[in-house]
Amino acid sequence: EDVPKHLRCVGETRRCQEIADAALTCALPHLCAAIVAHADLSLGKEKVAELLDAHISAGANLRGVRDNAAASGDDAIFNATKDLNKLANSDFRAGVEEVMRRGLTYDCYIFHLQLEQLADLASAFPELTIVCNHGGSPLGVGTFAPLTWEDNETAAQWRAGVTKLAKCPNVFMKLGGFTMPATGLIASHNLAKPPTSREVADTLAPWFNFLMDNFGTDRCMFESNFPVDKTSCGYTTLWNAFKRVTLDRGCTDDEVAMLFAGTAKRVYRL
């Protein structure tokens, strides 16, 4: 209780490192081999520096931090922040600079509304490795419903944002999170039975193919987003859907290796 509020999240890093160390002693898979910790980058330069250094001291496997900027302006949607322009905020950018100075990656969850802002941030910090989580999450609920691939304003805005962001060579893209409720793409609660991997793959394919077309497989990596994705489909179903997307696309063995492991290994130094 005597730990300053802004440093309390360091306990998570310390615990993850304990799990990683324990796994190595009992022939388990390399759990928590790379740790991406929470950090409020808008705290001000001195507090952010203190927090990042504490994370580094707590976890030898620390590779980066995540500070979400997903904002929609719609209170019916779960927003990470109310600030629609957080990525341009001067205090936030001062915190980002501290991340870059320490050679850490910056993971970010945003909505499609912030894609161009993230591109501006990436251009301002070209030496910083940025990982855009959940494919830049196009919204398909609330005032943004429904979301469809064709003849849809949100989809068009998402494509424009992705195209701009992909021009920043220091940005990598996580393919996943599209089965979250926020996209509205798979409303499994309205289905008579859970969707199959084939159905999930067909839903995800146009979005993921566009991301791969723009970023290339060497800057994309598949991700699960469990337990949040659990509202739409099962864990095995999701990963089988990812495999179907790559098969239908005709990915080479090298491209598949990058999507399922190689890109993540390079970005997070595994």
# chains A, B, ... in the order shown; residues from 1 in each chain; ligands from 1
$ select_by_dssp --residues "stretch 33-210 of chain A" --states "strand (DSSP E or B)" --output "ChimeraX atom specification"
/A:35-38,62-66,105-109,130-133,171-175
$ write_last_selection --atoms "N, CA, C and O atoms" --output "PDB file, in the first residue's frame"
ATOM      1  N   ILE A  35       8.118  -9.753 -22.022  1.00  0.00           N
ATOM      2  CA  ILE A  35       7.104  -9.072 -21.214  1.00  0.00           C
ATOM      3  C   ILE A  35       6.853  -7.678 -21.778  1.00  0.00           C
ATOM      4  O   ILE A  35       7.792  -6.908 -21.998  1.00  0.00           O
ATOM      5  N   VAL A  36       5.581  -7.376 -22.035  1.00  0.00           N
ATOM      6  CA  VAL A  36       5.165  -6.029 -22.420  1.00  0.00           C
ATOM      7  C   VAL A  36       4.328  -5.498 -21.273  1.00  0.00           C
ATOM      8  O   VAL A  36       3.225  -5.984 -21.019  1.00  0.00           O
ATOM      9  N   ALA A  37       4.844  -4.532 -20.572  1.00  0.00           N
ATOM     10  CA  ALA A  37       4.232  -4.057 -19.329  1.00  0.00           C
ATOM     11  C   ALA A  37       3.323  -2.852 -19.566  1.00  0.00           C
ATOM     12  O   ALA A  37       3.425  -2.163 -20.588  1.00  0.00           O
ATOM     13  N   HIS A  38       2.437  -2.628 -18.612  1.00  0.00           N
ATOM     14  CA  HIS A  38       1.607  -1.424 -18.665  1.00  0.00           C
ATOM     15  C   HIS A  38       2.424  -0.214 -18.232  1.00  0.00           C
ATOM     16  O   HIS A  38       3.231  -0.293 -17.301  1.00  0.00           O
ATOM     17  N   LEU A  62      11.685  -7.982 -19.878  1.00  0.00           N
ATOM     18  CA  LEU A  62      10.914  -6.841 -20.354  1.00  0.00           C
ATOM     19  C   LEU A  62      11.388  -6.423 -21.746  1.00  0.00           C
ATOM     20  O   LEU A  62      12.581  -6.258 -21.983  1.00  0.00           O
ATOM     21  N   ARG A  63      10.435  -6.287 -22.666  1.00  0.00           N
ATOM     22  CA  ARG A  63      10.773  -5.875 -24.026  1.00  0.00           C
ATOM     23  C   ARG A  63      10.102  -4.562 -24.426  1.00  0.00           C
ATOM     24  O   ARG A  63      10.546  -3.903 -25.354  1.00  0.00           O
ATOM     25  N   GLY A  64       9.018  -4.225 -23.756  1.00  0.00           N
ATOM     26  CA  GLY A  64       8.325  -3.004 -24.133  1.00  0.00           C
ATOM     27  C   GLY A  64       7.203  -2.673 -23.186  1.00  0.00           C
ATOM     28  O   GLY A  64       7.017  -3.340 -22.155  1.00  0.00           O
ATOM     29  N   VAL A  65       6.447  -1.642 -23.530  1.00  0.00           N
ATOM     30  CA  VAL A  65       5.313  -1.217 -22.705  1.00  0.00           C
ATOM     31  C   VAL A  65       4.112  -0.962 -23.611  1.00  0.00           C
ATOM     32  O   VAL A  65       4.248  -0.788 -24.827  1.00  0.00           O
ATOM     33  N   ARG A  66       2.954  -0.951 -22.999  1.00  0.00           N
ATOM     34  CA  ARG A  66       1.712  -0.684 -23.725  1.00  0.00           C
ATOM     35  C   ARG A  66       0.930   0.394 -22.993  1.00  0.00           C
ATOM     36  O   ARG A  66       0.774   0.347 -21.768  1.00  0.00           O
ATOM     37  N   THR A 105      10.012  -1.377 -26.937  1.00  0.00           N
ATOM     38  CA  THR A 105       8.968  -1.253 -27.944  1.00  0.00           C
ATOM     39  C   THR A 105       7.744  -0.571 -27.332  1.00  0.00           C
ATOM     40  O   THR A 105       7.560  -0.579 -26.111  1.00  0.00           O
ATOM     41  N   TYR A 106       6.923   0.001 -28.201  1.00  0.00           N
ATOM     42  CA  TYR A 106       5.669   0.587 -27.750  1.00  0.00           C
ATOM     43  C   TYR A 106       4.514  -0.141 -28.415  1.00  0.00           C
ATOM     44  O   TYR A 106       4.352  -0.100 -29.636  1.00  0.00           O
ATOM     45  N   ASP A 107       3.709  -0.851 -27.625  1.00  0.00           N
ATOM     46  CA  ASP A 107       2.491  -1.516 -28.098  1.00  0.00           C
ATOM     47  C   ASP A 107       1.316  -0.587 -27.858  1.00  0.00           C
ATOM     48  O   ASP A 107       1.229   0.059 -26.799  1.00  0.00           O
ATOM     49  N   CYS A 108       0.395  -0.550 -28.825  1.00  0.00           N
ATOM     50  CA  CYS A 108      -0.719   0.385 -28.705  1.00  0.00           C
ATOM     51  C   CYS A 108      -2.012  -0.212 -29.239  1.00  0.00           C
ATOM     52  O   CYS A 108      -2.057  -0.735 -30.359  1.00  0.00           O
ATOM     53  N   TYR A 109      -3.067  -0.142 -28.429  1.00  0.00           N
ATOM     54  CA  TYR A 109      -4.409  -0.516 -28.863  1.00  0.00           C
ATOM     55  C   TYR A 109      -5.147   0.755 -29.228  1.00  0.00           C
ATOM     56  O   TYR A 109      -5.326   1.651 -28.396  1.00  0.00           O
ATOM     57  N   ILE A 130       7.123   0.361 -33.004  1.00  0.00           N
ATOM     58  CA  ILE A 130       5.732   0.470 -32.575  1.00  0.00           C
ATOM     59  C   ILE A 130       4.977  -0.760 -33.058  1.00  0.00           C
ATOM     60  O   ILE A 130       5.119  -1.174 -34.220  1.00  0.00           O
ATOM     61  N   VAL A 131       4.159  -1.339 -32.186  1.00  0.00           N
ATOM     62  CA  VAL A 131       3.329  -2.488 -32.542  1.00  0.00           C
ATOM     63  C   VAL A 131       1.872  -2.077 -32.403  1.00  0.00           C
ATOM     64  O   VAL A 131       1.399  -1.779 -31.306  1.00  0.00           O
ATOM     65  N   CYS A 132       1.177  -2.045 -33.528  1.00  0.00           N
ATOM     66  CA  CYS A 132      -0.247  -1.714 -33.519  1.00  0.00           C
ATOM     67  C   CYS A 132      -1.038  -2.981 -33.211  1.00  0.00           C
ATOM     68  O   CYS A 132      -0.993  -3.948 -33.969  1.00  0.00           O
ATOM     69  N   ASN A 133      -1.741  -2.974 -32.104  1.00  0.00           N
ATOM     70  CA  ASN A 133      -2.482  -4.146 -31.662  1.00  0.00           C
ATOM     71  C   ASN A 133      -3.845  -4.248 -32.347  1.00  0.00           C
ATOM     72  O   ASN A 133      -4.446  -3.245 -32.733  1.00  0.00           O
ATOM     73  N   VAL A 171       6.749   0.452 -37.829  1.00  0.00           N
ATOM     74  CA  VAL A 171       5.473  -0.029 -37.287  1.00  0.00           C
ATOM     75  C   VAL A 171       5.228  -1.466 -37.722  1.00  0.00           C
ATOM     76  O   VAL A 171       5.386  -1.810 -38.895  1.00  0.00           O
ATOM     77  N   PHE A 172       4.828  -2.294 -36.764  1.00  0.00           N
ATOM     78  CA  PHE A 172       4.463  -3.682 -37.003  1.00  0.00           C
ATOM     79  C   PHE A 172       2.991  -3.861 -36.629  1.00  0.00           C
ATOM     80  O   PHE A 172       2.465  -3.129 -35.803  1.00  0.00           O
ATOM     81  N   MET A 173       2.347  -4.858 -37.253  1.00  0.00           N
ATOM     82  CA  MET A 173       0.903  -5.021 -37.077  1.00  0.00           C
ATOM     83  C   MET A 173       0.567  -6.396 -36.514  1.00  0.00           C
ATOM     84  O   MET A 173       1.050  -7.416 -37.000  1.00  0.00           O
ATOM     85  N   LYS A 174      -0.278  -6.402 -35.481  1.00  0.00           N
ATOM     86  CA  LYS A 174      -0.797  -7.652 -34.941  1.00  0.00           C
ATOM     87  C   LYS A 174      -2.132  -7.972 -35.608  1.00  0.00           C
ATOM     88  O   LYS A 174      -3.040  -7.128 -35.632  1.00  0.00           O
ATOM     89  N   LEU A 175      -2.227  -9.180 -36.152  1.00  0.00           N
ATOM     90  CA  LEU A 175      -3.453  -9.637 -36.794  1.00  0.00           C
ATOM     91  C   LEU A 175      -4.274 -10.406 -35.766  1.00  0.00           C
ATOM     92  O   LEU A 175      -3.956 -11.534 -35.411  1.00  0.00           O
TER      93      LEU A 175
END
$ residues_around --residues "stretch 67-76 of chain A" --least-positions-apart "4" --cutoff "7 Å" --atoms "only C-alpha atoms" --output "PyMOL selection string"
chain A and resi 38-41+80-84+86-87+107-111+142
$ closest_residue --among "A:Thr143, A:Ser232, A:Thr148, A:Asn79" --to "A:Glu199" --atoms "only C-alpha atoms"
A:Ser232
$ closest_residue --among "A:Asn214, A:Thr183, A:Gln157, A:Thr203" --to "A:Phe78" --atoms "only C-alpha atoms"
A:Thr183
$ closest_residue --among "A:Pro195, A:Gly59, A:Gly216, A:Gly262" --to "A:Ile19" --atoms "only C-alpha atoms"
A:Gly59
$ residues_around --residues "A:Phe208" --least-positions-apart "6" --cutoff "12 Å" --atoms "only C-alpha atoms" --output "number ranges by chain"
A: 134-137, 149, 159, 162, 173-178, 200-202, 214-217, 220-223, 241-246, 248-249, 259
$ write_last_selection --atoms "N, CA and C atoms" --output "compact mmCIF listing (two decimals), in the first residue's frame"
# COMPACT_ATOMS: atom_id res chain seq x y z
N HIS A 134 -4.31 -5.48 -32.50
CA HIS A 134 -5.67 -5.76 -32.96
C HIS A 134 -6.01 -5.14 -34.32
N GLY A 135 -5.00 -5.04 -35.18
CA GLY A 135 -5.25 -4.59 -36.54
C GLY A 135 -5.83 -3.20 -36.67
N GLY A 136 -5.66 -2.37 -35.65
CA GLY A 136 -6.21 -1.02 -35.71
C GLY A 136 -7.72 -0.97 -35.57
N SER A 137 -8.29 -2.01 -34.99
CA SER A 137 -9.69 -2.15 -34.59
C SER A 137 -10.72 -1.23 -35.25
N TRP A 149 -17.27 -5.02 -45.03
CA TRP A 149 -16.06 -4.77 -45.81
C TRP A 149 -16.31 -3.79 -46.95
N ARG A 159 -9.15 1.46 -44.01
CA ARG A 159 -8.22 1.15 -45.10
C ARG A 159 -7.28 2.32 -45.36
N VAL A 162 -4.75 2.41 -42.47
CA VAL A 162 -3.79 1.32 -42.58
C VAL A 162 -2.77 1.62 -43.66
N MET A 173 2.35 -4.86 -37.25
CA MET A 173 0.90 -5.02 -37.08
C MET A 173 0.57 -6.40 -36.51
N LYS A 174 -0.28 -6.40 -35.48
CA LYS A 174 -0.80 -7.65 -34.94
C LYS A 174 -2.13 -7.97 -35.61
N LEU A 175 -2.23 -9.18 -36.15
CA LEU A 175 -3.45 -9.64 -36.79
C LEU A 175 -4.27 -10.41 -35.77
N GLY A 176 -5.32 -9.80 -35.30
CA GLY A 176 -6.16 -10.42 -34.28
C GLY A 176 -7.09 -9.38 -33.68
N GLY A 177 -7.90 -9.81 -32.74
CA GLY A 177 -8.80 -8.88 -32.07
C GLY A 177 -10.05 -8.53 -32.86
N PHE A 178 -10.17 -9.03 -34.09
CA PHE A 178 -11.34 -8.71 -34.90
C PHE A 178 -12.57 -9.50 -34.47
N VAL A 200 -15.18 -18.26 -39.38
CA VAL A 200 -14.37 -17.18 -38.82
C VAL A 200 -13.33 -16.72 -39.83
N ALA A 201 -12.69 -17.67 -40.51
CA ALA A 201 -11.68 -17.32 -41.51
C ALA A 201 -12.27 -16.49 -42.64
N ASP A 202 -13.44 -16.86 -43.10
CA ASP A 202 -14.08 -16.12 -44.18
C ASP A 202 -14.42 -14.69 -43.76
N ASN A 214 -0.43 -4.62 -47.27
CA ASN A 214 0.20 -3.33 -47.00
C ASN A 214 1.46 -3.43 -46.16
N PHE A 215 1.43 -4.26 -45.14
CA PHE A 215 2.58 -4.36 -44.24
C PHE A 215 3.58 -5.44 -44.65
N GLY A 216 3.10 -6.43 -45.40
CA GLY A 216 3.95 -7.57 -45.71
C GLY A 216 3.95 -8.54 -44.53
N THR A 217 4.16 -9.80 -44.81
CA THR A 217 4.13 -10.79 -43.72
C THR A 217 5.30 -10.60 -42.75
N CYS A 220 3.93 -8.44 -39.96
CA CYS A 220 2.66 -8.86 -39.36
C CYS A 220 2.88 -10.08 -38.48
N MET A 221 2.07 -10.18 -37.44
CA MET A 221 2.12 -11.36 -36.56
C MET A 221 0.71 -11.67 -36.07
N PHE A 222 0.36 -12.95 -36.05
CA PHE A 222 -0.94 -13.34 -35.51
C PHE A 222 -0.93 -13.21 -34.00
N GLU A 223 -2.08 -12.88 -33.44
CA GLU A 223 -2.24 -12.77 -31.99
C GLU A 223 -3.61 -13.32 -31.60
N ALA A 241 -8.66 -20.80 -37.70
CA ALA A 241 -9.11 -19.80 -38.67
C ALA A 241 -7.91 -19.05 -39.24
N PHE A 242 -6.95 -18.71 -38.38
CA PHE A 242 -5.73 -18.05 -38.85
C PHE A 242 -5.01 -18.93 -39.89
N LYS A 243 -4.93 -20.22 -39.60
CA LYS A 243 -4.27 -21.14 -40.53
C LYS A 243 -5.01 -21.17 -41.87
N ARG A 244 -6.35 -21.17 -41.80
CA ARG A 244 -7.14 -21.18 -43.04
C ARG A 244 -6.90 -19.91 -43.85
N VAL A 245 -6.76 -18.78 -43.20
CA VAL A 245 -6.50 -17.52 -43.90
C VAL A 245 -5.19 -17.62 -44.69
N THR A 246 -4.16 -18.17 -44.05
CA THR A 246 -2.87 -18.28 -44.74
C THR A 246 -2.92 -19.29 -45.89
N ASP A 248 -5.66 -20.14 -47.65
CA ASP A 248 -6.47 -19.56 -48.72
C ASP A 248 -5.70 -18.48 -49.48
N ARG A 249 -4.84 -17.79 -48.79
CA ARG A 249 -4.03 -16.72 -49.39
C ARG A 249 -2.89 -17.30 -50.23
N LEU A 259 4.48 -15.09 -39.88
CA LEU A 259 3.20 -14.70 -39.29
C LEU A 259 2.96 -15.35 -37.94
